[in-house]
Amino acid sequence: MITRRLFTGLIGAIAMAPGLAFATDMPAPFNEPGKTKIALVRYLSTGDFFQAYLSGVQKQADALGVDLRVLDSRQDAALQSDMVDQAIALGVDGIIIQHGLTESMKDAAQRAVDAGIKVVAFDVNVDNAAIPQIEQSDRDLARLALEQALKDNGTSFKAGYVYVPGIAPLDRRDETWQKVKADNPGIEQVAEFGTLDNPIANSVANQARSVLSAHPDITVMFAPYDEFAKGVKIAVDEAEMSDKVSIYSADVSTSDIAAMREQGSAWKATAATNPAVVGEVSVRALAMMLAGEDPGHNVVVPPTLITQSMLNDLDIKNMEELSAKVPAFAHADVAVPAWMPLPAR
C-alpha cells in the first residue's frame, strides 16, 4: 500500500530527475525525452574554461532529456567544417558551433541551416542572420579588466598585449583594448604577441620570456584569455618580476584562482562569466529554437569582475566557492522560458 507520504516523495523524486521533470508539460520535441539529438562542434577544447563549458552543455542537455553528441576538431579549422557535415549526416536536430574561424565556419553553418537544422554559435561569427550568437559580452569582459588595470596602475604605463586575431571573442576584446589606449595616450604598448599552439599556456610562456627580456620596463600585461595569462605568469615568475608586472585577463577557472592567490602573484584581476553557465545558455537558446521560440540574435551572458583581493578577502579557493560567494557568477537569467528545466544546483 502506498502511503500519502510515500506518494508525495515519489512525485518529488520524479520532479527532481534531470530530463524527466514534467516532460509532458514541455513543448515538442522535449515532451518526449531522448527523442531530440543535438551536436556540439568544437574548435577550442584545451583548458579549464572549455571543460567547464562542456560540463554546462552536458548538464543542460541532461535536464532537457536531449541526446548530445560532441565533435572536437582540436583547433583544426578544416576538420571543424567537416564535423558540421558529420553532424548533419547524423540527423541531429540542432547544432552548437563553439568557437572557430569565420572563413571556415560560415559556409558550414549555412549548410546546416539549409538542411533544416537549428544552429547557434558561441564565440564565432558565422555571419548568418538565422543563427543566434551566444556571447560572453566580450567587450565588457575587457572593459572590466582594463578598468581595474587603470585603477591599479594609473593611466600611464608600458604594456605588453597578448592577442591572436581572427578569433571572434579575442577580436571583440581587442576593440575595447584599442579604445582604452586611444582614450589614455599615456599607455604605451611596447609588445604584442600570442599563439594558440597547444599547449597554449606553455607556448605563450615561451613568447613572453623573450618579450620580458627585450622590454624589462613593462609593468602591465593585458592577456584577455586565461590560458594566455597563465603563460605570461609562468614567464613573469621565472624572470622574478612578479613585484614589477601586473597581469589582467579574461575568463576564470579553479586553477586560475589558485594562481591568482599565490603569495605575491602578479595576476591581479580577471573578468569572467561562469563557463558552465555559458554552456547551459547555449543549449537553452538552441532548445528555444527547436521549440519554435526566438531567443534573440545576440544572447549575451553578463560578466563579473574578479580581483585578487576579492578572492583573498572571501577566501575563495575554487569555482564552486566563487559561485556560492558571488551569486552573480552562479546563474544567468538568460534564455529561460517558463517551461525550461534547469540543471540541479
# chains A, B, ... in the order shown; residues from 1 in each chain; ligands from 1
>>> residues_around(residues="Ala223 in chain A", least_positions_apart="3", cutoff="12 Å", atoms="only C-alpha atoms", output="number ranges by chain")
A: 141-142, 145-146, 149, 159-164, 170, 173-174, 177, 191-195, 201, 204-205, 208, 220, 226-233, 246-251, 267-271
>>> closest_atom_pairs(of="range 176-265 of chain A", to="range 76-80 of chain A", cutoff="12 Å", atoms="only C-alpha atoms", output="tab-separated table")
residue	atom	partner	partner_atom	distance
A:Leu196	CA	A:Asp76	CA	11.2
A:Asp197	CA	A:Asp76	CA	11.0
A:Asn198	CA	A:Asp76	CA	11.7
>>> write_last_selection(atoms="N, CA and C atoms", output="short mmCIF file (atom, residue, chain, number, x, y, z; two decimals), in the first residue's frame")
data_model
loop_
_atom_site.label_atom_id
_atom_site.label_comp_id
_atom_site.auth_asym_id
_atom_site.auth_seq_id
_atom_site.Cartn_x
_atom_site.Cartn_y
_atom_site.Cartn_z
N LEU A 196 47.96 30.21 -30.41
CA LEU A 196 47.01 29.20 -29.94
C LEU A 196 47.58 27.80 -30.11
N ASP A 197 48.91 27.71 -30.31
CA ASP A 197 49.54 26.40 -30.41
C ASP A 197 49.45 25.67 -29.07
N ASN A 198 49.09 24.39 -29.12
CA ASN A 198 48.99 23.60 -27.89
C ASN A 198 50.37 23.14 -27.39
#
>>> atom_distance(atom1="CA of Val180 in chain A", atom2="CA of Asp217 in chain A")
20.2 Å
>>> closest_residue(among="A:Leu290, A:Ala214, A:Ala61, A:Ile257", to="Ile117 in chain A", atoms="only C-alpha atoms")
A:Leu290
>>> atom_distance(atom1="CA of Ala63 in chain A", atom2="CA of Ala344 in chain A")
8.2 Å
>>> residues_around(residues="range 34-40 of chain A", least_positions_apart="2", cutoff="10 Å", atoms="only C-alpha atoms", output="PyMOL selection string")
chain A and resi 19+28-32+42-43+54+57-58+61-62+64-72+83-84+86-88+90-98+117-121+282-283+286-287+290
>>> select_by_dssp(residues="range 51-299 of chain A", states="helix (DSSP H, G or I)", output="PyMOL selection string")
chain A and resi 51-64+77-90+102-114+138-153+168-183+200-214+226-238+254-261+275-290
>>> decode(residues="range 29-170 of chain A", atoms="C-alpha atoms", output="PDB file, in the first residue's frame")
ATOM      1  CA  PRO A  29      10.017  17.947 -29.177  1.00  0.00           C
ATOM      2  CA  PHE A  30      11.026  17.945 -25.483  1.00  0.00           C
ATOM      3  CA  ASN A  31       7.822  16.252 -24.338  1.00  0.00           C
ATOM      4  CA  GLU A  32       9.476  13.006 -25.465  1.00  0.00           C
ATOM      5  CA  PRO A  33      12.796  12.616 -23.570  1.00  0.00           C
ATOM      6  CA  GLY A  34      15.578  11.142 -25.673  1.00  0.00           C
ATOM      7  CA  LYS A  35      13.944  11.986 -28.997  1.00  0.00           C
ATOM      8  CA  THR A  36      15.929  15.166 -29.679  1.00  0.00           C
ATOM      9  CA  LYS A  37      19.540  14.957 -30.857  1.00  0.00           C
ATOM     10  CA  ILE A  38      21.962  17.889 -30.798  1.00  0.00           C
ATOM     11  CA  ALA A  39      25.662  18.195 -31.598  1.00  0.00           C
ATOM     12  CA  LEU A  40      28.358  20.378 -30.079  1.00  0.00           C
ATOM     13  CA  VAL A  41      31.020  21.077 -32.720  1.00  0.00           C
ATOM     14  CA  ARG A  42      34.142  22.442 -31.003  1.00  0.00           C
ATOM     15  CA  TYR A  43      37.166  24.327 -32.281  1.00  0.00           C
ATOM     16  CA  LEU A  44      38.866  25.026 -28.929  1.00  0.00           C
ATOM     17  CA  SER A  45      38.868  22.481 -26.116  1.00  0.00           C
ATOM     18  CA  THR A  46      42.194  22.934 -24.290  1.00  0.00           C
ATOM     19  CA  GLY A  47      41.998  24.450 -20.825  1.00  0.00           C
ATOM     20  CA  ASP A  48      39.700  24.559 -17.813  1.00  0.00           C
ATOM     21  CA  PHE A  49      37.305  27.065 -19.399  1.00  0.00           C
ATOM     22  CA  PHE A  50      36.374  24.680 -22.183  1.00  0.00           C
ATOM     23  CA  GLN A  51      35.999  21.703 -19.868  1.00  0.00           C
ATOM     24  CA  ALA A  52      33.625  23.728 -17.694  1.00  0.00           C
ATOM     25  CA  TYR A  53      31.729  24.920 -20.786  1.00  0.00           C
ATOM     26  CA  LEU A  54      31.315  21.310 -21.929  1.00  0.00           C
ATOM     27  CA  SER A  55      30.086  20.364 -18.454  1.00  0.00           C
ATOM     28  CA  GLY A  56      27.420  23.072 -18.641  1.00  0.00           C
ATOM     29  CA  VAL A  57      26.312  21.926 -22.093  1.00  0.00           C
ATOM     30  CA  GLN A  58      26.033  18.330 -20.851  1.00  0.00           C
ATOM     31  CA  LYS A  59      24.102  19.254 -17.695  1.00  0.00           C
ATOM     32  CA  GLN A  60      21.540  21.372 -19.538  1.00  0.00           C
ATOM     33  CA  ALA A  61      21.179  18.694 -22.235  1.00  0.00           C
ATOM     34  CA  ASP A  62      20.571  16.117 -19.499  1.00  0.00           C
ATOM     35  CA  ALA A  63      17.989  18.360 -17.835  1.00  0.00           C
ATOM     36  CA  LEU A  64      16.124  18.557 -21.155  1.00  0.00           C
ATOM     37  CA  GLY A  65      16.438  14.829 -21.878  1.00  0.00           C
ATOM     38  CA  VAL A  66      18.463  15.571 -25.020  1.00  0.00           C
ATOM     39  CA  ASP A  67      20.870  13.175 -26.780  1.00  0.00           C
ATOM     40  CA  LEU A  68      24.145  15.141 -27.046  1.00  0.00           C
ATOM     41  CA  ARG A  69      26.961  14.316 -29.474  1.00  0.00           C
ATOM     42  CA  VAL A  70      30.326  16.078 -29.001  1.00  0.00           C
ATOM     43  CA  LEU A  71      32.610  16.561 -32.013  1.00  0.00           C
ATOM     44  CA  ASP A  72      36.034  18.045 -31.216  1.00  0.00           C
ATOM     45  CA  SER A  73      38.262  19.393 -34.016  1.00  0.00           C
ATOM     46  CA  ARG A  74      41.163  20.401 -31.693  1.00  0.00           C
ATOM     47  CA  GLN A  75      41.799  23.695 -33.482  1.00  0.00           C
ATOM     48  CA  ASP A  76      41.720  22.185 -36.962  1.00  0.00           C
ATOM     49  CA  ALA A  77      39.540  24.616 -38.946  1.00  0.00           C
ATOM     50  CA  ALA A  78      39.017  22.295 -41.921  1.00  0.00           C
ATOM     51  CA  LEU A  79      38.122  19.393 -39.645  1.00  0.00           C
ATOM     52  CA  GLN A  80      35.618  21.526 -37.738  1.00  0.00           C
ATOM     53  CA  SER A  81      33.894  22.357 -41.028  1.00  0.00           C
ATOM     54  CA  ASP A  82      33.799  18.647 -41.894  1.00  0.00           C
ATOM     55  CA  MET A  83      32.367  17.893 -38.447  1.00  0.00           C
ATOM     56  CA  VAL A  84      29.380  20.117 -39.150  1.00  0.00           C
ATOM     57  CA  ASP A  85      28.725  17.900 -42.170  1.00  0.00           C
ATOM     58  CA  GLN A  86      29.147  14.840 -39.940  1.00  0.00           C
ATOM     59  CA  ALA A  87      26.537  16.244 -37.562  1.00  0.00           C
ATOM     60  CA  ILE A  88      24.169  16.834 -40.480  1.00  0.00           C
ATOM     61  CA  ALA A  89      24.696  13.233 -41.607  1.00  0.00           C
ATOM     62  CA  LEU A  90      23.938  12.004 -38.075  1.00  0.00           C
ATOM     63  CA  GLY A  91      20.494  13.560 -38.402  1.00  0.00           C
ATOM     64  CA  VAL A  92      20.773  15.906 -35.440  1.00  0.00           C
ATOM     65  CA  ASP A  93      18.021  18.414 -34.797  1.00  0.00           C
ATOM     66  CA  GLY A  94      20.321  21.187 -33.622  1.00  0.00           C
ATOM     67  CA  ILE A  95      23.990  22.187 -33.630  1.00  0.00           C
ATOM     68  CA  ILE A  96      26.048  24.367 -31.308  1.00  0.00           C
ATOM     69  CA  ILE A  97      29.155  25.688 -33.044  1.00  0.00           C
ATOM     70  CA  GLN A  98      31.718  26.540 -30.364  1.00  0.00           C
ATOM     71  CA  HIS A  99      34.483  28.918 -31.488  1.00  0.00           C
ATOM     72  CA  GLY A 100      36.204  28.657 -34.847  1.00  0.00           C
ATOM     73  CA  LEU A 101      37.140  30.857 -37.781  1.00  0.00           C
ATOM     74  CA  THR A 102      34.583  32.811 -39.786  1.00  0.00           C
ATOM     75  CA  GLU A 103      36.107  31.823 -43.119  1.00  0.00           C
ATOM     76  CA  SER A 104      35.856  28.099 -42.376  1.00  0.00           C
ATOM     77  CA  MET A 105      32.567  28.053 -40.480  1.00  0.00           C
ATOM     78  CA  LYS A 106      30.378  30.491 -42.426  1.00  0.00           C
ATOM     79  CA  ASP A 107      29.605  28.086 -45.275  1.00  0.00           C
ATOM     80  CA  ALA A 108      29.435  25.064 -42.967  1.00  0.00           C
ATOM     81  CA  ALA A 109      26.872  26.788 -40.770  1.00  0.00           C
ATOM     82  CA  GLN A 110      24.804  27.707 -43.820  1.00  0.00           C
ATOM     83  CA  ARG A 111      24.831  24.072 -44.954  1.00  0.00           C
ATOM     84  CA  ALA A 112      23.310  23.074 -41.629  1.00  0.00           C
ATOM     85  CA  VAL A 113      20.633  25.768 -41.908  1.00  0.00           C
ATOM     86  CA  ASP A 114      19.876  24.646 -45.475  1.00  0.00           C
ATOM     87  CA  ALA A 115      19.417  21.103 -44.119  1.00  0.00           C
ATOM     88  CA  GLY A 116      16.687  22.358 -41.788  1.00  0.00           C
ATOM     89  CA  ILE A 117      18.845  22.150 -38.651  1.00  0.00           C
ATOM     90  CA  LYS A 118      18.667  24.816 -35.956  1.00  0.00           C
ATOM     91  CA  VAL A 119      22.075  26.320 -35.180  1.00  0.00           C
ATOM     92  CA  VAL A 120      23.528  28.604 -32.517  1.00  0.00           C
ATOM     93  CA  ALA A 121      27.118  29.844 -32.439  1.00  0.00           C
ATOM     94  CA  PHE A 122      29.182  30.538 -29.344  1.00  0.00           C
ATOM     95  CA  ASP A 123      32.074  32.978 -29.763  1.00  0.00           C
ATOM     96  CA  VAL A 124      32.374  32.522 -33.514  1.00  0.00           C
ATOM     97  CA  ASN A 125      30.979  34.939 -36.085  1.00  0.00           C
ATOM     98  CA  VAL A 126      29.294  32.861 -38.777  1.00  0.00           C
ATOM     99  CA  ASP A 127      27.749  35.972 -40.362  1.00  0.00           C
ATOM    100  CA  ASN A 128      24.266  34.490 -40.571  1.00  0.00           C
ATOM    101  CA  ALA A 129      21.044  36.243 -39.571  1.00  0.00           C
ATOM    102  CA  ALA A 130      19.375  32.864 -38.938  1.00  0.00           C
ATOM    103  CA  ILE A 131      21.951  31.857 -36.313  1.00  0.00           C
ATOM    104  CA  PRO A 132      21.858  33.389 -32.808  1.00  0.00           C
ATOM    105  CA  GLN A 133      25.219  34.408 -31.368  1.00  0.00           C
ATOM    106  CA  ILE A 134      25.911  33.305 -27.792  1.00  0.00           C
ATOM    107  CA  GLU A 135      28.311  35.852 -26.327  1.00  0.00           C
ATOM    108  CA  GLN A 136      30.088  36.485 -23.058  1.00  0.00           C
ATOM    109  CA  SER A 137      29.807  40.234 -23.633  1.00  0.00           C
ATOM    110  CA  ASP A 138      33.471  40.188 -24.563  1.00  0.00           C
ATOM    111  CA  ARG A 139      33.729  43.954 -24.759  1.00  0.00           C
ATOM    112  CA  ASP A 140      32.517  44.155 -21.157  1.00  0.00           C
ATOM    113  CA  LEU A 141      34.961  41.420 -20.119  1.00  0.00           C
ATOM    114  CA  ALA A 142      37.831  43.518 -21.473  1.00  0.00           C
ATOM    115  CA  ARG A 143      36.369  46.742 -20.117  1.00  0.00           C
ATOM    116  CA  LEU A 144      36.054  45.436 -16.553  1.00  0.00           C
ATOM    117  CA  ALA A 145      39.591  44.040 -16.524  1.00  0.00           C
ATOM    118  CA  LEU A 146      41.078  47.200 -18.035  1.00  0.00           C
ATOM    119  CA  GLU A 147      39.174  49.498 -15.690  1.00  0.00           C
ATOM    120  CA  GLN A 148      40.823  47.603 -12.840  1.00  0.00           C
ATOM    121  CA  ALA A 149      44.216  47.942 -14.567  1.00  0.00           C
ATOM    122  CA  LEU A 150      43.724  51.719 -14.778  1.00  0.00           C
ATOM    123  CA  LYS A 151      42.597  51.849 -11.153  1.00  0.00           C
ATOM    124  CA  ASP A 152      45.685  49.925 -10.020  1.00  0.00           C
ATOM    125  CA  ASN A 153      48.303  51.465 -12.311  1.00  0.00           C
ATOM    126  CA  GLY A 154      47.062  54.886 -13.355  1.00  0.00           C
ATOM    127  CA  THR A 155      46.763  55.991 -16.965  1.00  0.00           C
ATOM    128  CA  SER A 156      50.442  55.957 -17.945  1.00  0.00           C
ATOM    129  CA  PHE A 157      52.348  52.691 -18.190  1.00  0.00           C
ATOM    130  CA  LYS A 158      54.217  50.433 -20.594  1.00  0.00           C
ATOM    131  CA  ALA A 159      52.149  47.419 -21.587  1.00  0.00           C
ATOM    132  CA  GLY A 160      52.507  44.043 -23.232  1.00  0.00           C
ATOM    133  CA  TYR A 161      49.477  42.623 -25.027  1.00  0.00           C
ATOM    134  CA  VAL A 162      48.628  39.010 -25.877  1.00  0.00           C
ATOM    135  CA  TYR A 163      46.391  38.651 -28.935  1.00  0.00           C
ATOM    136  CA  VAL A 164      45.619  36.266 -31.782  1.00  0.00           C
ATOM    137  CA  PRO A 165      43.434  37.871 -34.496  1.00  0.00           C
ATOM    138  CA  GLY A 166      40.626  36.063 -36.278  1.00  0.00           C
ATOM    139  CA  ILE A 167      39.026  34.555 -33.157  1.00  0.00           C
ATOM    140  CA  ALA A 168      35.708  36.362 -32.571  1.00  0.00           C
ATOM    141  CA  PRO A 169      35.903  36.793 -28.767  1.00  0.00           C
ATOM    142  CA  LEU A 170      39.517  37.961 -28.942  1.00  0.00           C
TER     143      LEU A 170
END
